[in-house]
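First up is the structure itself, then whatever we jot down about it.
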Amino acid sequence: MDFHHVSHARLCLLCAAALSAHHALASSCRADSAFVSPDSVKSSSAVRRAADGVIRLAETVLDALTIERPGYSLALYPAASYSGRSGLALGVMPLLQLRSHRLPHPATLTPVVLISTKRMFEVQCDADVYLPHRVDLTAKFEAYKQPDDLYEVGSWRNKSSIARYDFSRRMFTFEALKGLGESGPWRLGLTADVDYYSFSDIEPSSQQVSSRAVSLARSGSGASYGLGAVGGYDSRDNVLAPANGFYTRVSALAYGRKRALGGAFGLAVADVRHYWPLPLSSVMAAQVYIGVGWGDVPFTKMPTCGGTRLGRAIGHNLKYVDRAAWLAQAEWRVPLFWRVGATAFGAVGNVASQARFAFSDVHVMCGAGLRLAVFPGKGLNLRLDGGISNYGDKAIYFNVREAF
């Protein structure tokens with residue numbers, strides 16, 4: 001499930017500051033030409049002062065919402081999101097970053113609570129802790145309930161919902177990684193996943209798909225418990241906003257099921273990323289993702305090629321799912337001014353019924369986004385991304401941290 005959050009106050013300030021800075025820069029360039037009237041100079045000075053005033057006001061508001069201490073930084077923002085899936089959602093989003101001379105990297109905690117106009121309620125919390133002796137811990141808890149659309153498994157154009165239903169889910173994932181050797185980039189560890197999910201009030205879109213819709217929803221109900229191994233290579237210069245280095249992660253989990261129509265299943269994921277520094281303090285990032293499932297995989301756990309981190313052009317992360325998925329994406333990240341940055345990204349991907357991937361009729365996605373540093377110089381950003389695809393999908397995502 002993907003819900004995406006952004007501060008209304010920050011978004012408005014971001015837009016106002018960007019517009020004012022753009023006009024100030026244009027006016028300044030005109031004032032530097034050989035023939036400039038006194039009125040033009042006065043006008044450019046007034047615009048620059050206005051831009052400075054907007055930035056000072058933005059800093060004042062952000063400072064009022066942020067507490068900075070030697071050992072931690074805390075920001076408390078209103079949160080909002082909108083999608084056809086959940087409607088308009090409002091809530092609160094605290095961001096906490098903990099620092100200590102005993103920790104190699106700051107620990108981050110990002111909880112959020114949202115309530116929407118379409119009866120969606122969500123509580124979510126992500127935690128990343130980096131301990132001494134090269135031990136990294138990652139945990140995520142998510143609980144929500146909302147009306148949702150049900151899609152059949154597979155990938156084709158003009159795909160439409162086959163049913164509406166009420167979806168409830170409580171999910172907890174945990175991962176512990178240990179660096180091998182004193183300072184090498186290799187890591188090895190364990191990962192666990194507990195997922196409770198249920199469907200109710202199933203309303204098929206037509207009589208023809210009624211039995212398929214009910215069967216699909218019931219096959220996805222129940223609970224699953226997964227445990228597996230994870231390993232990888234990480235030479236990134238920053239774990240939150242890398243500008244250089246290589247990252248790879250490979251995991252495999254075996255799942256058992258309880259109170260569900262179906263048996264055991266397994267999931268394997270390979271995630272490879274690379275980051276290059278470019279001129280203008282910009283960064284090029286690239287990722288290749290592959291997910292494969294086997295056994296009686298419920299559709300709620302199947303690999304996907306959409307969502308807030310993959311492609312960012314498909315608004316419903318369960319619209320295109322199957323036993324296997326692949327995606328390749330690249331993104332250019334460039335700082336603009338003050339705390340603001342911008343991105344442009346593109347991706348191709350697809351899902352398939354087996355691990356022999358088809359490269360015809362792929363999803364081609366592209367988009368752009370804005371970034372706002374929550375704590376300047378510390379790598380934690382709010383992001384606003386919008387994307388479209390050749391299948392006619394489109395999405396807008398608000399979230400914390402980079403997509404990859």
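Scheme for the structure tokens: letters A, B, ... for chains in order shown; per-chain residue numbers from 1; ligand numbers from 1 in order shown.
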
Quick one: DSSP strand (DSSP E) residues in range 181-400 of chain A, as an MDAnalysis selection string?
chainID A and resid 186:204 222:234 245:258 265:278 282:295 324:337 340:352 363:373 381:389 394:400

Prev. selection, C-alpha atoms, output as a short mmCIF file (atom, residue, chain, number, x, y, z; two decimals), in the first residue's frame:
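As written to disk, out.cif reads:
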data_model
loop_
_atom_site.label_atom_id
_atom_site.label_comp_id
_atom_site.auth_asym_id
_atom_site.auth_seq_id
_atom_site.Cartn_x
_atom_site.Cartn_y
_atom_site.Cartn_z
CA TRP A 186 29.56 -6.38 1.97
CA ARG A 187 26.59 -7.03 4.30
CA LEU A 188 24.64 -10.08 5.37
CA GLY A 189 21.61 -10.52 7.60
CA LEU A 190 18.04 -11.65 8.27
CA THR A 191 14.67 -10.23 7.29
CA ALA A 192 11.13 -10.91 8.54
CA ASP A 193 7.65 -9.95 7.34
CA VAL A 194 4.30 -10.32 9.15
CA ASP A 195 1.16 -9.37 7.21
CA TYR A 196 -2.51 -9.54 8.30
CA TYR A 197 -5.06 -8.62 5.62
CA SER A 198 -8.79 -9.00 5.10
CA PHE A 199 -11.47 -8.15 2.52
CA SER A 200 -15.14 -7.37 3.10
CA ASP A 201 -18.17 -5.91 1.28
CA ILE A 202 -17.00 -7.12 -2.14
CA GLU A 203 -18.98 -5.46 -4.95
CA PRO A 204 -18.11 -6.87 -8.41
CA GLY A 222 -5.72 -14.19 5.99
CA ALA A 223 -2.22 -13.79 7.34
CA SER A 224 1.29 -14.56 6.12
CA TYR A 225 4.54 -14.90 8.04
CA GLY A 226 7.84 -14.68 6.23
CA LEU A 227 11.45 -15.23 7.28
CA GLY A 228 14.52 -15.16 5.11
CA ALA A 229 18.04 -14.06 4.36
CA VAL A 230 19.27 -10.79 2.90
CA GLY A 231 22.66 -9.69 1.67
CA GLY A 232 24.27 -7.02 -0.41
CA TYR A 233 27.00 -4.55 -1.23
CA ASP A 234 26.93 -0.87 -0.21
CA GLY A 245 28.69 4.76 -5.01
CA PHE A 246 27.12 1.40 -5.69
CA TYR A 247 24.36 -0.47 -3.84
CA THR A 248 22.92 -3.94 -4.27
CA ARG A 249 20.49 -5.95 -2.16
CA VAL A 250 19.29 -9.52 -2.67
CA SER A 251 16.70 -11.16 -0.42
CA ALA A 252 14.71 -14.41 -0.32
CA LEU A 253 11.85 -15.14 2.10
CA ALA A 254 9.79 -18.28 2.74
CA TYR A 255 6.19 -17.66 3.88
CA GLY A 256 3.63 -19.67 5.75
CA ARG A 257 -0.06 -18.75 5.74
CA LYS A 258 -2.83 -18.88 8.34
CA PHE A 265 4.93 -19.39 -0.94
CA GLY A 266 8.20 -17.56 -1.40
CA LEU A 267 9.49 -14.21 -2.67
CA ALA A 268 12.92 -13.17 -3.94
CA VAL A 269 14.03 -9.62 -4.79
CA ALA A 270 17.19 -8.24 -6.40
CA ASP A 271 17.81 -4.47 -6.24
CA VAL A 272 20.87 -2.89 -7.90
CA ARG A 273 21.62 0.87 -7.86
CA HIS A 274 24.43 3.18 -8.94
CA TYR A 275 25.06 6.89 -8.30
CA TRP A 276 27.30 9.29 -10.25
CA PRO A 277 28.20 12.88 -9.33
CA LEU A 278 27.71 15.33 -12.23
CA SER A 282 23.82 17.24 -9.56
CA VAL A 283 23.57 13.46 -9.31
CA MET A 284 22.55 10.72 -11.74
CA ALA A 285 20.96 7.67 -10.09
CA ALA A 286 20.03 4.38 -11.77
CA GLN A 287 18.26 1.26 -10.51
CA VAL A 288 17.39 -2.23 -11.76
CA TYR A 289 14.76 -4.14 -9.76
CA ILE A 290 13.63 -7.76 -10.18
CA GLY A 291 11.04 -9.57 -8.05
CA VAL A 292 10.02 -13.24 -8.36
CA GLY A 293 7.42 -15.27 -6.43
CA TRP A 294 6.68 -19.00 -6.27
CA GLY A 295 4.05 -21.20 -4.65
CA ALA A 324 7.44 -11.84 -11.56
CA ALA A 325 8.23 -8.17 -12.16
CA TRP A 326 11.16 -6.15 -13.47
CA LEU A 327 11.86 -2.45 -13.70
CA ALA A 328 14.78 -0.23 -14.73
CA GLN A 329 14.74 3.46 -13.87
CA ALA A 330 17.06 6.47 -13.87
CA GLU A 331 16.80 9.88 -12.25
CA TRP A 332 18.70 13.17 -12.51
CA ARG A 333 18.78 15.18 -9.27
CA VAL A 334 19.88 18.80 -9.24
CA PRO A 335 19.85 21.43 -6.45
CA LEU A 336 18.14 24.72 -7.37
CA PHE A 337 18.37 27.23 -4.51
CA VAL A 340 14.88 23.30 -3.00
CA GLY A 341 15.94 20.76 -5.62
CA ALA A 342 14.43 19.20 -8.74
CA THR A 343 14.45 15.81 -10.44
CA ALA A 344 13.62 14.28 -13.82
CA PHE A 345 13.14 10.53 -14.11
CA GLY A 346 12.22 7.76 -16.53
CA ALA A 347 11.51 4.04 -16.19
CA VAL A 348 10.57 0.90 -18.12
CA GLY A 349 9.15 -2.27 -16.60
CA ASN A 350 6.56 -5.02 -16.70
CA VAL A 351 5.11 -8.01 -14.87
CA ALA A 352 4.87 -11.61 -16.05
CA HIS A 363 5.32 0.14 -19.31
CA VAL A 364 7.29 3.28 -20.28
CA MET A 365 7.13 5.93 -17.56
CA CYS A 366 8.53 9.41 -17.12
CA GLY A 367 8.07 12.34 -14.79
CA ALA A 368 9.59 15.13 -12.74
CA GLY A 369 9.66 16.22 -9.13
CA LEU A 370 10.66 18.75 -6.52
CA ARG A 371 12.69 18.24 -3.33
CA LEU A 372 12.72 20.18 -0.06
CA ALA A 373 15.39 19.52 2.56
CA ASN A 381 14.15 15.34 1.91
CA LEU A 382 10.45 15.76 1.31
CA ARG A 383 9.67 14.80 -2.29
CA LEU A 384 6.86 15.63 -4.69
CA ASP A 385 6.84 13.48 -7.86
CA GLY A 386 4.45 13.34 -10.80
CA GLY A 387 4.60 10.75 -13.57
CA ILE A 388 2.74 9.40 -16.61
CA SER A 389 2.98 6.15 -18.58
CA LYS A 394 -0.65 8.83 -14.09
CA ALA A 395 0.21 9.55 -10.48
CA ILE A 396 1.34 12.21 -8.03
CA TYR A 397 3.31 11.12 -4.98
CA PHE A 398 4.21 12.95 -1.80
CA ASN A 399 6.73 11.20 0.43
CA VAL A 400 9.82 11.39 2.60
#

Which neighbours of range 317-319 of chain A fall inside 6 Å, counting only C-alpha atoms, when residues of the same chain fewer than 4 positions from it are skipped, and could you give them as number ranges by chain?
A: 151, 306-307

I need the residue nearest Pro106 in chain A from this list: A:Val297, A:Ile162, A:Leu380, A:Ala46. Use only C-alpha atoms for the distance.
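Looking only at the distances to Pro106 in chain A, the closest residue turns out to be A:Leu380.
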
Nearby residues (only C-alpha atoms) at most 8 Å from Glu122 in chain A, same-chain spacing under 5 positions excluded, as a list in words
Val112, Val113, Leu114, Ile115, Glu142, Ala143, Tyr144 and Lys145 of chain A

Just give me the gap between CA of Leu96 in chain A and CA of Ala75 in chain A in Å, one decimal is fine.
6.6 Å
